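Everything below concerns the one structure shown next.
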Amino acid sequence: MDRLADRSLRASIADIECDKALPKRVSVLILGGGIVGCSIALHLAELGFKDVLLLERGVLTNGTTWHAAGLIANARGSIALTEVARYSSVFYERLQQDANIDVGLTRAGSVTVARTPGRMDELLYAHDIAQHCNVESAVIDREVLETLWPLADVTTMIGGLHFPGDGYVNPGYACIAIAKKAADLGVTVREETAVLELLHSGGVVRGVRTDQGDVSAETVVLAGGLWSRDIASTAGVHLPLYAAEHVHVRSNPIDQLNKPPPVWRDVDNSYYIRAESNHLLVGAFEPNGVPRSTSEISPTGFAEFDPDWEHFAPVRARAEESVPILTNVGYDRFINAPESFTPDTNFLIGETAELDNLYVAAGMNSQGIIYGPGVGKEVAAWILNGATQFDSSSVDVQRFSRHQSNRRYLHERTRESLGRLYAMHWPHYQSSTARGVRRSPLHNSLVEREARFGEVNALERANYFGGPLHEEAYSYDRPGWFDQVASEHRSARENVALFDLSAFSKFEVVGSQAAALCHHVATANTDVPIGGVVYSLFLNAAGGIEFDGTVTALSDDRFLIVTPSTSHTKALAHLSKAARRMDVHVVDVTTSIATIGVMGPRSRELLARVSPDNWSNAAQGLYAAREVEIADVFAWVLRLSYVGELGYEIYVSADAAENVYEALWEAGQGLSVQAAGFFALDSLRLEKGYRHLGHDIAPK
């Protein structure tokens with residue numbers, strides 16, 4: 001936050017010897033000299049792996065780290081991310097003790113306040129996660145809030161959540177201390193070296209081209225913050241990452257600030273406050289963010305935009321209403337600098353789908369200081385072990401579709417992403433920006449039946465039908481769509497329900513070694529006769545579950561693999577990597593084939609009304625597939641069910657999907673047929689105890 005003007009800090013950087021000649025070959029090459037890149041370098045060195053080169057285009061910390069607020073939080077919104085954040089907190093304590101640089105660690109604690117019952121419910125949920133992870137926290141009332149923050153007006157607040165172990169560091173000093181420790185352990189650090197492109201061949205990253213020559217590397221890590229997307233694109237790698245303005249202002253000195261109060265998070269009003277010496281720093285996560293393309297950002301480091309007091313005015317007014325002394329003292333600094341965000345406001349780590357040995361650690365969504373050390377630890381372990389060592393489902397770079405790296409899509413979504421950090425984290429929350437990008441072949445049929453759409457990987461899916469819209473029905477208690485989902489659930493249990501499952505990821509494996517590939521990648525025995533269907537897991541190198549799905553033998557040299565929609569990028573990469581070594585082709589048929597689920601005890605009766613084929617148990621048993629006549633076309637039908645009742649999945653070409661769906665709907669009127677969505681599907685599989693990736697099974 002001081003642009004590294006302090007002479008002692010610059011002397012520490014000089015001690016790292018950043019200006020020597022560039023090595024021509026290294027084992028691990030890290031791009032980016034911020035908190036994340038330096039952390040990865042240090043953790044690799046601490047694990048005994050020291051043939052590491054860290055490159056920074058400018059000087060260390062000059063990207064995002066220099067203007068970070070330096071907040072430390074011990075607990076986050078999930079158990080997995082809490083463990084990452086908690087490690088970071090412990091790490092800074094150790095860094096403060098071991099480094100010759102004072103990193104400004106201040107254990108002032110933090111309080112998050114609630115102004116609505118819904119927000120209080122969210123804080124109670126956060127408290128439960130903290131308690132589960134043995135993080136000290138306490139639910140507090142207005143009286144305790146007033147004691148912790150005597151400068152605040154707490155009369156309109158319901159209560160809050162107190163984390164005594166939270167606090168903040170000086171981000172620039174912390175980063176340099178990390179870099180110095182890494183250099184002392186043998187890591188090579190080079191500043192003022194611009195990376196021009198990634199070098200690759202045969203689906204494997206080979207190194208980089210810089211303005212000072214090429215560097216070969218066995219592994220490359222993209223930790224370049226908001227620039228990571230542009231660097232990745234030089235090798236055809238897609239990262240859903242976009243920048244936005246992030247603002248914090250600093251008050252003039254406040255005499256009443258005798259000691260640092262806890263970090264104050266008024267998330268209902270989109271701001272936080274922390275002490276900086278005898279000043280108060282006020283930062284905003286406003287709901288109408290200002291996205292910025294990299295073409296608008298200076299590449300020379302320490303990038304800033306002009307102060308925009310008008311845009312900041314609504315947040316300022318709310319902060320001054322809550323902490324009235326801010327109105328009187330005024331402000332002496334306005335920082336408006338770029339920060340990178342992702343479509344779901346979770347960061348990006350892990351190996352990319354497009355290139356082997358290319359790792360990403362970027363998109364911190366303004367939480368780089370909170371997560372930096374933990375991310376460094378996990379990415380270093382991932383590189384050395386060849387697989388994730390924690391439940392990385394929610395942050396794996398491969399969770400997104402390729403479409404979500406589109407700049408127009410990202411520009412629109414980022415308006416919302418910045419504010420999502422502090423907006424209500426409702427269960428089943430649906431983004432409102434950049435919607436309608438991808439649509440199922442059955443989209444119009446679902447609209448006619450009042451589908452309430454959610455989004456997964458920029459694809460619209462029906463969550464439920466009729467009743468309130470999502471934004472009218474959110475709750476930590478019984479949501480407003482409960483009755484609709486309950487009705488759909490009962491329909492699948494008692495009669496018959498139609499599901500649009502076209503979002504499923506679908507791949508054809510074709511070639512003389514197609515059977516061998518399926519046998520290689522699946523845990524189940526896929527040596528089945530033509531028409532056989534097998535449910536299987538697909539594992540990483542450490543035996544963790546990367547995704548699950550079904551394998552169907554369509555012929556001797558043609559298999560269909562179907563996985564969840566959220567596994568699309570990962571599954572395609574996993575299968576394609578295996579196919580490189582075999583006489584086989586993996587064809588992505590996700591968008592060319594629609595999937596209709598016909599589920600329930602009367603599903604067989606319904607299908608018999610639209611197909612002349614025999615639908616008896618003898619004609620098609622469980623986990624069997626066959627091609628049938630249905631409506632006016634032909635389709636493959638798999639007899640299996642994720643809902644736990646008699647059921648079938650119809651795989652039909654996208655251009656004929658509406659013909660089949662409407663025929664089923666019309667024929668089902670006398671059978672109490674009902675359209676059902678993914679919320680009902682989830683409740684049905686939960687009731688039957690069927691597993692779901694990211695909830696019940698994980699890569700670690």
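In the structure tokens, the first chain shown is A, the next is B, and so on; residue numbers restart at 1 for each chain, and ligands run from 1 in the order shown.
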
Going by DSSP on the backbone, which bits of region 281-449 of chain A are strand (DSSP E)? Write them as a PyMOL selection string, please. chain A and resi 281-284+291-292+331-341+348-351+358-362+438-439

Write the residues you've just listed into a file as a tab-separated table (two decimals), in the first residue's frame, and include C-alpha atoms for each of them.
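Saved file part-v5.tsv follows:
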```tsv
chain	number	residue	atom	x	y	z
A	281	LEU	CA	-9.46	2.47	5.82
A	282	VAL	CA	-12.89	2.02	4.18
A	283	GLY	CA	-13.16	-0.48	1.30
A	284	ALA	CA	-16.11	-1.17	-1.00
A	291	PRO	CA	-15.36	-3.94	-15.05
A	292	ARG	CA	-12.14	-3.09	-16.85
A	331	TYR	CA	-10.29	11.47	3.82
A	332	ASP	CA	-6.68	11.82	2.76
A	333	ARG	CA	-6.35	9.03	0.17
A	334	PHE	CA	-8.44	7.37	-2.55
A	335	ILE	CA	-7.09	4.17	-4.12
A	336	ASN	CA	-8.91	2.89	-7.19
A	337	ALA	CA	-6.97	-0.03	-8.62
A	338	PRO	CA	-7.70	-3.18	-10.65
A	339	GLU	CA	-8.47	-6.56	-9.10
A	340	SER	CA	-9.42	-9.78	-10.90
A	341	PHE	CA	-12.71	-11.65	-10.48
A	348	LEU	CA	-8.82	-20.62	-9.93
A	349	ILE	CA	-6.20	-23.22	-9.11
A	350	GLY	CA	-4.99	-26.48	-10.58
A	351	GLU	CA	-3.80	-27.94	-13.85
A	358	LEU	CA	0.40	-25.84	-16.87
A	359	TYR	CA	-1.01	-24.80	-13.51
A	360	VAL	CA	-3.04	-21.78	-12.53
A	361	ALA	CA	-3.26	-19.87	-9.26
A	362	ALA	CA	-5.17	-16.69	-9.98
A	438	ARG	CA	-26.35	-21.12	-23.65
A	439	ARG	CA	-29.72	-22.84	-23.93
```

Write out as a short mmCIF file (atom, residue, chain, number, x, y, z; two decimals) with C-alpha atoms, in the first residue's frame the residues lying within 10 Å of Asp255 (chain A), counting only C-alpha atoms and excluding same-chain residues fewer than 4 positions away.
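File around-v5.cif, as written:
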```
data_model
loop_
_atom_site.label_atom_id
_atom_site.label_comp_id
_atom_site.auth_asym_id
_atom_site.auth_seq_id
_atom_site.Cartn_x
_atom_site.Cartn_y
_atom_site.Cartn_z
CA ASN A 278 -4.51 6.23 13.51
CA HIS A 279 -6.57 6.24 10.29
CA VAL A 329 -12.63 13.87 9.75
#
```

Contact residues around Leu554 (chain A) with only C-alpha atoms at 10 Å, ignoring same-chain residues under 4 positions, as a list of chain:residue names: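 My list of contacting residues is A:Glu508, A:Val509, A:Val510, A:Pro529, A:Ile530, A:Gly531, A:Gly532, A:Val533, A:Arg558, A:Phe559, A:Leu560, A:Ala625, A:Arg626, A:Glu627, A:Trp636.
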
Can you write just those residues out, all heavy atoms, as a tab-separated table (two decimals), in the first residue's frame?
```tsv
chain	number	residue	atom	x	y	z
A	508	GLU	N	-18.47	-39.37	-27.08
A	508	GLU	CA	-18.35	-40.64	-27.78
A	508	GLU	C	-16.87	-40.99	-27.90
A	508	GLU	O	-16.05	-40.16	-28.30
A	508	GLU	CB	-19.01	-40.60	-29.15
A	508	GLU	CG	-20.52	-40.66	-29.09
A	508	GLU	CD	-21.14	-41.00	-30.44
A	508	GLU	OE1	-20.38	-41.33	-31.38
A	508	GLU	OE2	-22.38	-40.95	-30.53
A	509	VAL	N	-16.54	-42.21	-27.51
A	509	VAL	CA	-15.18	-42.73	-27.63
A	509	VAL	C	-15.21	-43.73	-28.78
A	509	VAL	O	-15.90	-44.75	-28.72
A	509	VAL	CB	-14.74	-43.41	-26.33
A	509	VAL	CG1	-13.33	-43.95	-26.47
A	509	VAL	CG2	-14.83	-42.43	-25.16
A	510	VAL	N	-14.46	-43.42	-29.85
A	510	VAL	CA	-14.57	-44.17	-31.10
A	510	VAL	C	-13.18	-44.63	-31.56
A	510	VAL	O	-12.22	-43.85	-31.54
A	510	VAL	CB	-15.22	-43.31	-32.20
A	510	VAL	CG1	-15.41	-44.13	-33.47
A	510	VAL	CG2	-16.54	-42.74	-31.73
A	529	PRO	N	-21.32	-56.38	-22.85
A	529	PRO	CA	-21.80	-56.57	-24.22
A	529	PRO	C	-22.39	-55.29	-24.78
A	529	PRO	O	-22.68	-54.34	-24.04
A	529	PRO	CB	-22.87	-57.65	-24.06
A	529	PRO	CG	-23.32	-57.54	-22.65
A	529	PRO	CD	-22.11	-57.14	-21.88
A	530	ILE	N	-22.57	-55.26	-26.10
A	530	ILE	CA	-23.19	-54.09	-26.73
A	530	ILE	C	-24.56	-53.85	-26.10
A	530	ILE	O	-25.35	-54.77	-25.94
A	530	ILE	CB	-23.31	-54.30	-28.25
A	530	ILE	CG1	-21.91	-54.39	-28.87
A	530	ILE	CG2	-24.11	-53.17	-28.89
A	530	ILE	CD1	-21.91	-54.77	-30.33
A	531	GLY	N	-24.80	-52.60	-25.72
A	531	GLY	CA	-26.03	-52.26	-25.02
A	531	GLY	C	-25.89	-52.27	-23.51
A	531	GLY	O	-26.82	-51.91	-22.79
A	532	GLY	N	-24.72	-52.66	-23.01
A	532	GLY	CA	-24.50	-52.65	-21.57
A	532	GLY	C	-24.16	-51.26	-21.07
A	532	GLY	O	-23.47	-50.48	-21.74
A	533	VAL	N	-24.66	-50.90	-19.88
A	533	VAL	CA	-24.42	-49.60	-19.26
A	533	VAL	C	-23.77	-49.83	-17.90
A	533	VAL	O	-24.23	-50.66	-17.11
A	533	VAL	CB	-25.72	-48.80	-19.08
A	533	VAL	CG1	-25.43	-47.42	-18.48
A	533	VAL	CG2	-26.46	-48.67	-20.41
A	558	ARG	N	-17.34	-48.27	-30.27
A	558	ARG	CA	-18.00	-46.98	-30.01
A	558	ARG	C	-18.69	-47.03	-28.65
A	558	ARG	O	-19.55	-47.88	-28.41
A	558	ARG	CB	-19.01	-46.68	-31.12
A	558	ARG	CG	-19.75	-45.36	-30.98
A	558	ARG	CD	-20.53	-45.06	-32.26
A	558	ARG	NE	-21.55	-44.06	-32.05
A	558	ARG	CZ	-22.85	-44.25	-32.21
A	558	ARG	NH1	-23.29	-45.44	-32.61
A	558	ARG	NH2	-23.72	-43.29	-32.00
A	559	PHE	N	-18.29	-46.11	-27.78
A	559	PHE	CA	-18.83	-46.05	-26.43
A	559	PHE	C	-19.32	-44.63	-26.14
A	559	PHE	O	-18.77	-43.64	-26.66
A	559	PHE	CB	-17.77	-46.44	-25.39
A	559	PHE	CG	-17.43	-47.90	-25.40
A	559	PHE	CD1	-16.65	-48.44	-26.42
A	559	PHE	CD2	-17.88	-48.74	-24.40
A	559	PHE	CE1	-16.33	-49.79	-26.44
A	559	PHE	CE2	-17.56	-50.10	-24.40
A	559	PHE	CZ	-16.79	-50.63	-25.42
A	560	LEU	N	-20.34	-44.53	-25.31
A	560	LEU	CA	-20.87	-43.24	-24.88
A	560	LEU	C	-20.57	-43.07	-23.39
A	560	LEU	O	-20.95	-43.91	-22.57
A	560	LEU	CB	-22.38	-43.16	-25.11
A	560	LEU	CG	-23.08	-41.89	-24.60
A	560	LEU	CD1	-22.64	-40.67	-25.42
A	560	LEU	CD2	-24.60	-42.06	-24.64
A	625	ALA	N	-29.07	-50.51	-22.65
A	625	ALA	CA	-29.33	-49.46	-23.64
A	625	ALA	C	-29.74	-50.10	-24.96
A	625	ALA	O	-29.31	-51.20	-25.29
A	625	ALA	CB	-28.08	-48.60	-23.84
A	626	ARG	N	-30.57	-49.40	-25.70
A	626	ARG	CA	-30.97	-49.87	-27.02
A	626	ARG	C	-31.48	-48.68	-27.83
A	626	ARG	O	-31.84	-47.64	-27.28
A	626	ARG	CB	-32.06	-50.93	-26.92
A	626	ARG	CG	-33.32	-50.43	-26.23
A	626	ARG	CD	-34.41	-51.47	-26.18
A	626	ARG	NE	-35.58	-50.98	-25.46
A	626	ARG	CZ	-36.82	-51.42	-25.66
A	626	ARG	NH1	-37.06	-52.35	-26.58
A	626	ARG	NH2	-37.82	-50.92	-24.94
A	627	GLU	N	-31.51	-48.86	-29.15
A	627	GLU	CA	-32.07	-47.84	-30.03
A	627	GLU	C	-33.53	-48.19	-30.30
A	627	GLU	O	-33.85	-49.34	-30.60
A	627	GLU	CB	-31.29	-47.75	-31.34
A	627	GLU	CG	-31.67	-46.53	-32.16
A	627	GLU	CD	-30.79	-46.37	-33.40
A	627	GLU	OE1	-30.30	-47.39	-33.92
A	627	GLU	OE2	-30.59	-45.22	-33.84
A	636	TRP	N	-31.53	-43.39	-28.77
A	636	TRP	CA	-30.99	-44.35	-27.82
A	636	TRP	C	-31.67	-44.13	-26.47
A	636	TRP	O	-31.83	-42.99	-26.03
A	636	TRP	CB	-29.48	-44.19	-27.66
A	636	TRP	CG	-28.70	-44.91	-28.72
A	636	TRP	CD1	-28.30	-44.43	-29.93
A	636	TRP	CD2	-28.24	-46.27	-28.66
A	636	TRP	NE1	-27.62	-45.40	-30.63
A	636	TRP	CE2	-27.57	-46.54	-29.87
A	636	TRP	CE3	-28.34	-47.29	-27.71
A	636	TRP	CZ2	-26.98	-47.77	-30.16
A	636	TRP	CZ3	-27.75	-48.52	-27.98
A	636	TRP	CH2	-27.09	-48.75	-29.19
```

Using only C-alpha atoms, find the one residue out of A:Ala571, A:Val215, A:Leu71, A:Val113 that sits nearest to Val26 (chain A).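 The answer is A:Val215, which sits nearest to Val26 (chain A).
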
With only C-alpha atoms as the counted atoms, please give the residues lying no more than 7 Å from Val456 (chain A), apart from itself and same-chain residues fewer than 3 positions off, as number ranges by chain. A: 459-460, 566

Which one of A:His520, A:Lys506, A:Arg119, A:Arg639 sits closest to Thr590 (chain A) if you count only C-alpha atoms? A:Lys506

According to DSSP computed on the backbone, where in region 101-165 of chain A is there alpha helix (DSSP H)? Give the residues as a PyMOL selection string. chain A and resi 117-132+142-148

Quick check, in Å to one decimal: how far apart do CA of Pro150 (chain A) and CA of Thr82 (chain A) lie? 29.2 Å

Work out how far CA of Gly186 (chain A) is from CA of Gly48 (chain A), in Å to one decimal.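 Answer for the CA of Gly48 (chain A) to CA of Gly186 (chain A) separation: 9.7 Å.
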
Using only C-alpha atoms, determine which residues lie at most 10 Å from Thr569 (chain A), disregarding the query and same-chain residues fewer than 6 positions distant; provide the list as a list in words.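 Within the cut-off, the hits are Thr352, Ala353, Glu354, Val397, Gln398, Arg399, Phe400, Ser401, Arg402, Asn457 and Ser505 of chain A.
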
Using only N, CA and C atoms, please write the residues we just selected to a file, as a compact mmCIF listing (two decimals), in the first residue's frame.
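See again39.txt below for the written result:
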```txt
# COMPACT_ATOMS: atom_id res chain seq x y z
N THR A 352 -4.49 -26.98 -15.96
CA THR A 352 -5.45 -26.59 -16.97
C THR A 352 -5.90 -27.79 -17.80
N ALA A 353 -7.06 -27.65 -18.42
CA ALA A 353 -7.58 -28.72 -19.27
C ALA A 353 -6.83 -28.81 -20.58
N GLU A 354 -6.36 -27.68 -21.08
CA GLU A 354 -5.79 -27.65 -22.43
C GLU A 354 -4.35 -28.13 -22.49
N VAL A 397 -9.73 -24.94 -11.58
CA VAL A 397 -9.82 -24.14 -12.79
C VAL A 397 -10.65 -24.82 -13.87
N GLN A 398 -10.75 -26.16 -13.81
CA GLN A 398 -11.49 -26.89 -14.83
C GLN A 398 -12.99 -26.96 -14.57
N ARG A 399 -13.48 -26.26 -13.57
CA ARG A 399 -14.92 -26.31 -13.29
C ARG A 399 -15.75 -25.49 -14.26
N PHE A 400 -15.12 -24.59 -15.00
CA PHE A 400 -15.83 -23.71 -15.92
C PHE A 400 -15.85 -24.27 -17.33
N SER A 401 -16.82 -23.80 -18.12
CA SER A 401 -16.83 -24.12 -19.54
C SER A 401 -15.96 -23.13 -20.30
N ARG A 402 -15.59 -23.52 -21.48
CA ARG A 402 -14.76 -22.64 -22.30
C ARG A 402 -15.45 -21.30 -22.55
N ASN A 457 -22.33 -23.34 -15.72
CA ASN A 457 -21.39 -23.20 -16.85
C ASN A 457 -21.99 -22.39 -17.99
N SER A 505 -22.90 -33.84 -19.68
CA SER A 505 -21.75 -33.87 -20.58
C SER A 505 -21.71 -35.24 -21.25
```

Near Arg316 (chain A), counting only C-alpha atoms, which residues have an atom at most 10 Å away, once you skip same-chain residues fewer than 5 positions from it, shown as a list in words?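 Counting only the stated atoms, we get Val249, Asn269, Ser270, Tyr271, Val282, Gly283, Ala284, Trp309, Glu310, His311, Glu321, Ser322, Leu326 and Thr327 of chain A.
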
Using C-alpha atoms, can you export the residues from the last selection as a JSON list (two decimals), in the first residue's frame?
```
[["chain", "number", "residue", "atom", "x", "y", "z"],
["A", 249, "VAL", "CA", -10.24, 5.24, 0.92],
["A", 269, "ASN", "CA", -23.99, -2.13, 3.18],
["A", 270, "SER", "CA", -21.13, -3.38, 0.98],
["A", 271, "TYR", "CA", -18.12, -2.06, 2.90],
["A", 282, "VAL", "CA", -12.89, 2.02, 4.18],
["A", 283, "GLY", "CA", -13.16, -0.48, 1.30],
["A", 284, "ALA", "CA", -16.11, -1.17, -1.00],
["A", 309, "TRP", "CA", -16.03, 9.79, -5.58],
["A", 310, "GLU", "CA", -19.40, 9.80, -7.31],
["A", 311, "HIS", "CA", -19.42, 6.03, -7.78],
["A", 321, "GLU", "CA", -23.99, 6.72, 8.79],
["A", 322, "SER", "CA", -22.67, 3.71, 10.71],
["A", 326, "LEU", "CA", -15.86, 9.55, 9.30],
["A", 327, "THR", "CA", -18.15, 12.39, 8.24]]
```

Report as number ranges by chain all protein, DNA and RNA residues lying within 12 Å of Trp66 (chain A), evaluated on only C-alpha atoms, omitting residues in the same chain fewer than 5 positions from it. A: 1-5, 33-35, 59-61, 169-176, 301-304, 335, 337-339, 368-369

With distances taken over only C-alpha atoms, the candidate from A:Ser502, A:Ser277, A:Ser366, A:Ser641 nearest Tyr422 (chain A) is A:Ser366

Using only C-alpha atoms, which residue out of A:Ala675, A:Val204, A:Leu145, A:Ala698 lies closest to Glu546 (chain A)?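 Ranking A:Ala675, A:Val204, A:Leu145, A:Ala698 by distance to Glu546 (chain A), first place goes to A:Ala698.
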
Name the closest residue to Ser27 (chain A) among the candidates A:His248, A:Arg206, A:His411, A:Lys181; distances are taken between atoms, counting only C-alpha atoms.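 Among the listed residues, A:Arg206 lies closest to Ser27 (chain A).
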